[in-house]
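Asker: What follows is a single structure, and I will ask about it in a moment.
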Amino acid sequence: NDTDLTRKGIKDEFWLYASIPPAVQVKWLIEKGVDVYNKHHGPQISKLLEDPDYRYLKTTAKHHKFK
């Protein structure tokens with residue numbers, strides 16, 4: 001959650017927003033039907049990353065809505 005690194009990443013058009021381990025990816029796919037590799041599931045991924053149970057996956061304190 002380094003704010004300087006986040007600012008630099010956004011400025012350079014690259015921002016590591018979250019790190020979702022494979023075990024969580026499989027859990028989301030099985031339990032919630034959310035596939036992190038499906039571009040149409042962006043809104044559901046955004047919602048899950050803001051959920052208190054999964055906020056620990058975020059690498060920044062900023063917010064982003066996936067389209």
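Chains: A, B, ... in order of the structure tokens. Residues: from 1 per chain. Ligands: from 1, in order shown.
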Please provide as JSON, numbers by chain all residues within 10 Å of Lys32 (chain A), with the sequence filter that same-chain residues fewer than 4 positions apart are discarded (counting only C-alpha atoms).
Answerer: {"A": [26, 27, 28, 44, 48]}
Asker: If you measure from CA of Leu29 (chain A) to CA of His41 (chain A), what distance in Å do you get, rounded to one decimal?
Answerer: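 Atom-to-atom, CA of Leu29 (chain A) to CA of His41 (chain A), that is 10.6 Å.
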Asker: As an exercise, work out the distance from CA of Ser19 (chain A) to CA of Tyr56 (chain A) in Å and give it to one decimal place.
Answerer: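 Here the two named atoms are 9.1 Å from each other.
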Asker: If I take CA of Gly42 (chain A) and CA of Val24 (chain A), how far is one from the other in Å, to one decimal?
Answerer: 15.5 Å
Asker: I need the helix (DSSP H, G or I) residues of region 29-66 of chain A per DSSP on the backbone, written as a PyMOL selection string.
Answerer: chain A and resi 29-32+39-50+55-57
